[in-house]
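Asks: The structure's right below; bear with me while I get my questions together.
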Amino acid sequence: MKRRILMGTAIALGLGLTSMSAIAEPPPLEQKDRYKVGFAQTESNNPWRIAQTKSFEETAETCGWDLIATDATGSAAKQVADVDSMIAQGIDVLFLPPREEKPLIPAVMKAQAAGIPTFLVDRSVDQNVAQAGNQYVSFLGSDFIDQGRRVAEWVTENFDGDKGIIVELEGTTGSSPARDRKSGFDDNIVKDDRFEIVASQTGDFARDMGRQVMETLLQAHPDVNIVYAHNDEMAIGAIQALELAGRKPGEDVLVVSIDGTRDALQAIIDGKMGVTVESSPFFGPLACEVMQKYAAGEEIPAWVKVEDRIFTAENAADHIDEAY
């Protein structure tokens, strides 16, 4: 079956797997009425991940999927093992949100060797090792660098103080959204000499970890007046820590973030957050559409980009009912 895929340059590296040729391509996908589909979730400890899994489960009912969904509980090693189990169960196609860029490379390679086309969802892998059109079909997701850039631009336009002392709460170390959201924000905020990032530390995309890290950073930097969190869960945790310390989020501390969760939109409505840039978790329908096009032999771009909105005090109330 001939497929037209946008091809990149494959890089053959030894990963303890079957040696690869210099040119590789994703396996084909037969057109049929039903597919056994694997979805290897990273964890289910936050609203974003729960909404994403639910989107795949709901799509399975309408897209002809027999869905096998797993939960790696925050472990890259378990996520690799989950993919191994799916391969053994004979899945036709794999949708994978890699928890971290490098540790999930073996899962992508094993699926390719087993003749299973893989689509990366919402996170990517190390592009120096595995590439769209070669080891996997495509990346479905947002532009994380652009998300960070948009937050930085909003801050520079809306901060009315003389000096912005910024604490940054990073996402999971080694993940593509954490790396890109940091570079997108950092590279743009430094263009305005009013701002200084005095501390940047991972909160692992978790609310409680965000709260704990913020409590620690407040002790070292009591003059902080801007908090940039890589996701809404950490932002909500930071708000809790600020309030416990007697600070007033939205008044003496500007809190900004990414995701667009219901809690974040409510915090904006309540005046405790300034902005959140959307990063939609509703990948099920898109995954169905792209998979069907691939099976039909259509050209699939290396990156199927998701367009994201921005939520502020001007529009948060208009969209909170559709948030998760």
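The chains in the structure tokens are called A, B, ... from first to last as shown; in each chain the residues are counted from 1, and the ligands are counted from 1 in the order shown.
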Counting only C-alpha atoms, what is within 10 Å of Gly161 (chain A), bar same-chain residues fewer than 5 positions away, as a list of chain:residue names?
Replies: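 Residues meeting the cut-off are A:Arg194, A:Phe195, A:Asn225, A:Asp252.
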Asks: Between region 102-165 of chain A and region 29-49 of chain A, at 9 Å or less, what are the per-residue closest atom pairs and their distances in Å? Count only C-alpha atoms, order by chain and rising residue number, and return it as JSON lines.
Replies:
{"residue": "A:Gly115", "atom": "CA", "partner": "A:Leu29", "partner_atom": "CA", "distance": 8.9}
{"residue": "A:Ile116", "atom": "CA", "partner": "A:Leu29", "partner_atom": "CA", "distance": 7.8}
{"residue": "A:Pro117", "atom": "CA", "partner": "A:Leu29", "partner_atom": "CA", "distance": 6.9}
Asks: Go ahead and compute the interatomic distance for CA of Ala241 (chain A) and CA of Glu153 (chain A), in Å to one decimal.
Replies: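 Calculated distance between CA of Ala241 (chain A) and CA of Glu153 (chain A) is 25.4 Å.
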Asks: Return as JSON, numbers by chain the full set of residues in region 72-271 of chain A whose backbone-based DSSP assignment is strand (DSSP E).
Replies: {"A": [93, 94, 95, 96, 118, 119, 120, 121, 138, 139, 140, 141, 164, 165, 166, 167, 168, 169, 170, 195, 196, 197, 198, 199, 200, 201, 202, 226, 227, 228, 229, 254, 255, 256, 257, 258, 259]}
Asks: Got a sec: who's within 7 Å of Phe283 (chain A), counting only C-alpha atoms, leaving out chain neighbours fewer than 4 positions off, as a list of chain:residue names?
Replies: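 Using only C-alpha atoms, the neighbours found are A:Gln52, A:Ser55, A:Phe56, A:Ala287.
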Asks: If you run DSSP over the backbone, which residues in region 142-313 of chain A end up helix (DSSP H, G or I)? Put them as a PyMOL selection string.
Replies: chain A and resi 144-158+176-189+207-220+232-244+262-269+284-295
Asks: Using only C-alpha atoms, can you tell me which of A:Val255, A:Leu265, A:Ala323, A:Ala238 comes closest to Arg207 (chain A)?
Replies: A:Ala238
Asks: Using Å and a single decimal, report how far CA of Gln135 (chain A) sits from CA of Glu25 (chain A).
Replies: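 These two atoms are separated by 5.9 Å.
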Asks: Any idea what's packed within 10 Å of Glu322 (chain A), counting only C-alpha atoms, ignoring anything in its chain fewer than 2 positions away? Could you give it as a PyMOL selection string?
Replies: chain A and resi 261-262+318-320+324
Asks: Rank nothing, just name the residue among A:Gly164, A:Gly210, A:Gly171, A:Pro26 nearest to Val108 (chain A), using only C-alpha atoms.
Replies: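 Closest to Val108 (chain A) of all the choices is A:Pro26.
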Asks: Compile the contact shell of Glu243 (chain A) as a VMD selection string: residues with an atom at most 12 Å away, counting only C-alpha atoms, same-chain residues fewer than 3 positions apart removed.
Replies: chain A and resid 211 214 to 215 218 236 to 240 246 to 253 272
Asks: Write the residues you've just listed into a file as a compact mmCIF listing (two decimals), in the first residue's frame, and include all heavy atoms for each of them.
Replies:
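After the write, selection_22.txt holds the following:
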# COMPACT_ATOMS: atom_id res chain seq x y z
N ARG A 211 2.51 24.08 44.47
CA ARG A 211 2.34 24.77 45.75
C ARG A 211 3.60 24.66 46.60
O ARG A 211 4.07 25.66 47.16
CB ARG A 211 1.15 24.17 46.50
CG ARG A 211 0.92 24.78 47.88
CD ARG A 211 -0.15 24.02 48.64
NE ARG A 211 0.18 22.62 48.80
CZ ARG A 211 1.04 22.15 49.71
NH1 ARG A 211 1.67 22.99 50.54
NH2 ARG A 211 1.29 20.85 49.80
N MET A 214 6.45 26.73 45.14
CA MET A 214 6.19 28.15 45.32
C MET A 214 6.44 28.57 46.76
O MET A 214 7.00 29.65 47.01
CB MET A 214 4.74 28.47 44.93
CG MET A 214 4.45 29.96 44.82
SD MET A 214 5.27 30.72 43.41
CE MET A 214 6.06 32.12 44.19
N GLU A 215 6.07 27.74 47.72
CA GLU A 215 6.34 28.05 49.12
C GLU A 215 7.83 28.22 49.37
O GLU A 215 8.27 29.15 50.06
CB GLU A 215 5.79 26.93 50.02
CG GLU A 215 4.27 26.90 50.10
CD GLU A 215 3.75 25.71 50.91
OE1 GLU A 215 4.57 24.79 51.20
OE2 GLU A 215 2.55 25.68 51.22
N LEU A 218 9.21 31.40 47.55
CA LEU A 218 8.79 32.64 48.22
C LEU A 218 9.73 33.00 49.37
O LEU A 218 9.97 34.19 49.63
CB LEU A 218 7.36 32.49 48.75
CG LEU A 218 6.23 32.93 47.81
CD1 LEU A 218 4.89 32.59 48.43
CD2 LEU A 218 6.34 34.40 47.49
N ILE A 236 -2.45 27.14 39.95
CA ILE A 236 -3.42 27.08 41.06
C ILE A 236 -2.70 26.75 42.37
O ILE A 236 -2.99 27.33 43.42
CB ILE A 236 -4.52 26.05 40.77
CG1 ILE A 236 -5.31 26.43 39.50
CG2 ILE A 236 -5.46 25.92 41.96
CD1 ILE A 236 -5.99 27.77 39.56
N GLY A 237 -1.73 25.83 42.31
CA GLY A 237 -0.93 25.53 43.49
C GLY A 237 -0.16 26.74 43.97
O GLY A 237 -0.05 27.00 45.18
N ALA A 238 0.38 27.52 43.03
CA ALA A 238 1.12 28.73 43.39
C ALA A 238 0.20 29.76 44.05
O ALA A 238 0.60 30.43 45.01
CB ALA A 238 1.77 29.33 42.14
N ILE A 239 -1.01 29.88 43.55
CA ILE A 239 -1.98 30.80 44.15
C ILE A 239 -2.25 30.41 45.60
O ILE A 239 -2.31 31.27 46.49
CB ILE A 239 -3.28 30.82 43.33
CG1 ILE A 239 -3.05 31.56 42.01
CG2 ILE A 239 -4.42 31.47 44.11
CD1 ILE A 239 -4.21 31.49 41.04
N GLN A 240 -2.39 29.11 45.84
CA GLN A 240 -2.61 28.63 47.21
C GLN A 240 -1.44 29.02 48.11
O GLN A 240 -1.63 29.48 49.24
CB GLN A 240 -2.81 27.12 47.20
CG GLN A 240 -4.07 26.66 46.50
CD GLN A 240 -4.13 25.15 46.30
OE1 GLN A 240 -3.11 24.44 46.45
NE2 GLN A 240 -5.29 24.64 45.97
N GLY A 246 0.15 35.23 52.78
CA GLY A 246 -0.39 36.57 52.97
C GLY A 246 -0.31 37.47 51.76
O GLY A 246 -0.58 38.66 51.85
N ARG A 247 0.07 36.89 50.61
CA ARG A 247 0.11 37.67 49.38
C ARG A 247 -1.27 37.68 48.72
O ARG A 247 -2.13 36.85 49.04
CB ARG A 247 1.16 37.09 48.42
CG ARG A 247 2.56 36.99 49.01
CD ARG A 247 3.15 38.36 49.33
NE ARG A 247 3.31 39.16 48.13
CZ ARG A 247 4.37 39.10 47.32
NH1 ARG A 247 5.37 38.27 47.59
NH2 ARG A 247 4.45 39.87 46.26
N LYS A 248 -1.46 38.58 47.76
CA LYS A 248 -2.75 38.72 47.10
C LYS A 248 -2.59 38.53 45.59
O LYS A 248 -2.33 39.49 44.86
CB LYS A 248 -3.34 40.09 47.40
CG LYS A 248 -3.68 40.31 48.87
CD LYS A 248 -4.27 41.69 49.11
CE LYS A 248 -4.61 41.88 50.59
NZ LYS A 248 -5.18 43.24 50.85
N PRO A 249 -2.76 37.27 45.12
CA PRO A 249 -2.68 37.01 43.68
C PRO A 249 -3.67 37.88 42.92
O PRO A 249 -4.83 38.00 43.29
CB PRO A 249 -3.03 35.53 43.56
CG PRO A 249 -2.74 34.96 44.91
CD PRO A 249 -3.04 36.06 45.89
N GLY A 250 -3.17 38.49 41.85
CA GLY A 250 -4.02 39.37 41.08
C GLY A 250 -3.90 40.82 41.49
O GLY A 250 -4.31 41.72 40.74
N GLU A 251 -3.35 41.06 42.69
CA GLU A 251 -3.15 42.43 43.17
C GLU A 251 -1.66 42.75 43.29
O GLU A 251 -1.14 43.59 42.55
CB GLU A 251 -3.85 42.63 44.50
CG GLU A 251 -5.38 42.52 44.40
CD GLU A 251 -6.06 42.81 45.71
OE1 GLU A 251 -5.50 43.57 46.53
OE2 GLU A 251 -7.17 42.28 45.94
N ASP A 252 -0.98 42.05 44.21
CA ASP A 252 0.46 42.32 44.34
C ASP A 252 1.33 41.26 43.65
O ASP A 252 2.54 41.41 43.59
CB ASP A 252 0.86 42.47 45.81
CG ASP A 252 0.58 41.22 46.64
OD1 ASP A 252 0.15 40.19 46.07
OD2 ASP A 252 0.77 41.27 47.86
N VAL A 253 0.70 40.21 43.12
CA VAL A 253 1.43 39.19 42.35
C VAL A 253 0.60 38.84 41.11
O VAL A 253 -0.57 38.47 41.23
CB VAL A 253 1.68 37.91 43.16
CG1 VAL A 253 2.50 36.92 42.33
CG2 VAL A 253 2.40 38.22 44.46
N LYS A 272 -7.68 36.46 40.31
CA LYS A 272 -6.45 35.92 40.89
C LYS A 272 -5.40 35.53 39.84
O LYS A 272 -4.23 35.34 40.18
CB LYS A 272 -6.78 34.70 41.76
CG LYS A 272 -7.66 35.03 42.96
CD LYS A 272 -7.95 33.79 43.79
CE LYS A 272 -8.81 34.14 45.00
NZ LYS A 272 -9.07 32.96 45.87
Asks: For a test of reading the model, state the distance in Å between CA of Ser279 (chain A) and CA of Gly203 (chain A), rounded to one decimal.
Replies: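 Atom-to-atom, CA of Ser279 (chain A) and CA of Gly203 (chain A) are spaced 18.0 Å apart.
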Asks: Can you list, as a CSV table (one decimal) with C-alpha atoms, in the first residue's frame, every protein, DNA or RNA residue that comes within 8 Å of region 93-107 of chain A when you count only C-alpha atoms, leaving out same-chain residues fewer than 3 positions away?
Replies:
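Result went into part-v1.csv, see below:
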chain,number,residue,atom,x,y,z
A,15,LEU,CA,19.2,1.9,21.0
A,17,LEU,CA,16.9,-2.5,19.2
A,29,LEU,CA,-2.3,1.1,7.9
A,35,TYR,CA,-9.2,-0.9,14.5
A,36,LYS,CA,-7.6,-2.1,17.7
A,37,VAL,CA,-6.2,1.3,19.0
A,38,GLY,CA,-3.6,1.8,21.7
A,39,PHE,CA,-3.6,5.0,23.8
A,40,ALA,CA,-0.7,5.0,26.3
A,41,GLN,CA,-1.5,7.9,28.7
A,42,THR,CA,1.2,9.4,30.9
A,74,GLY,CA,3.9,9.4,35.9
A,75,SER,CA,6.5,6.8,35.0
A,76,ALA,CA,8.3,6.8,31.7
A,77,ALA,CA,9.5,3.2,32.3
A,79,GLN,CA,4.8,3.9,29.7
A,80,VAL,CA,7.3,2.0,27.7
A,83,VAL,CA,3.4,0.1,24.8
A,84,ASP,CA,5.1,-3.3,24.9
A,110,LYS,CA,9.5,-1.1,18.9
A,111,ALA,CA,6.1,-0.1,17.5
A,116,ILE,CA,2.4,-0.5,14.0
A,117,PRO,CA,2.1,3.2,12.8
A,118,THR,CA,2.5,5.6,15.7
A,119,PHE,CA,1.1,9.1,16.2
A,120,LEU,CA,2.6,11.3,18.9
A,121,VAL,CA,0.0,13.2,20.7
A,122,ASP,CA,0.5,16.5,22.6
A,123,ARG,CA,4.2,15.8,23.3
A,124,SER,CA,7.0,14.8,21.1
A,125,VAL,CA,10.3,12.8,21.3
A,126,ASP,CA,13.9,13.8,20.7
A,129,VAL,CA,16.7,10.3,17.2
A,130,ALA,CA,13.2,9.8,15.8
A,172,THR,CA,8.1,17.8,33.8
A,173,THR,CA,11.9,17.8,33.3
A,174,GLY,CA,12.8,16.3,29.9
A,175,SER,CA,9.3,16.9,28.4
A,176,SER,CA,8.9,18.8,25.2
A,287,ALA,CA,-6.8,11.5,16.1
Asks: Mind checking which residues fall within 7 Å of region 310-315 of chain A, counting only C-alpha atoms, ignoring those fewer than 2 positions away in the same chain, and posting them as a list of chain:residue names?
Replies: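 These residues fall inside the cut-off: A:Ile268, A:Ile269, A:Gly274, A:Val275, A:Thr276, A:Val277, A:Glu278, A:Asp308, A:Ala317, A:Asp318, A:His319.
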Asks: What are the closest atom pairs, with distances in Å to one decimal, for all residues of region 94-149 of chain A lying within 9 Å of region 292-301 of chain A? Consider only C-alpha atoms, order rows by chain and residue number, and present the result as a tab-separated table.
Replies:
residue	atom	partner	partner_atom	distance
A:Ala132	CA	A:Pro301	CA	8.3
A:Gly133	CA	A:Pro301	CA	8.2
A:Val137	CA	A:Ile300	CA	7.5
A:Ser138	CA	A:Pro301	CA	6.6
A:Phe139	CA	A:Pro301	CA	8.5
Asks: How about saving the chosen residues, C-alpha atoms kept, as a compact mmCIF listing (two decimals), in the first residue's frame?
Replies:
# COMPACT_ATOMS: atom_id res chain seq x y z
CA ALA A 132 7.89 12.30 11.81
CA GLY A 133 7.58 10.51 8.49
CA VAL A 137 3.77 9.19 11.29
CA SER A 138 3.11 12.63 12.74
CA PHE A 139 2.98 14.83 15.83
Asks: Of the candidates A:Gly141, A:Pro27, A:Gly90, A:Gly64, which shows the shortest atom-to-atom distance to Trp303 (chain A), using only C-alpha atoms?
Replies: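 Among the listed residues, A:Gly141 lies closest to Trp303 (chain A).
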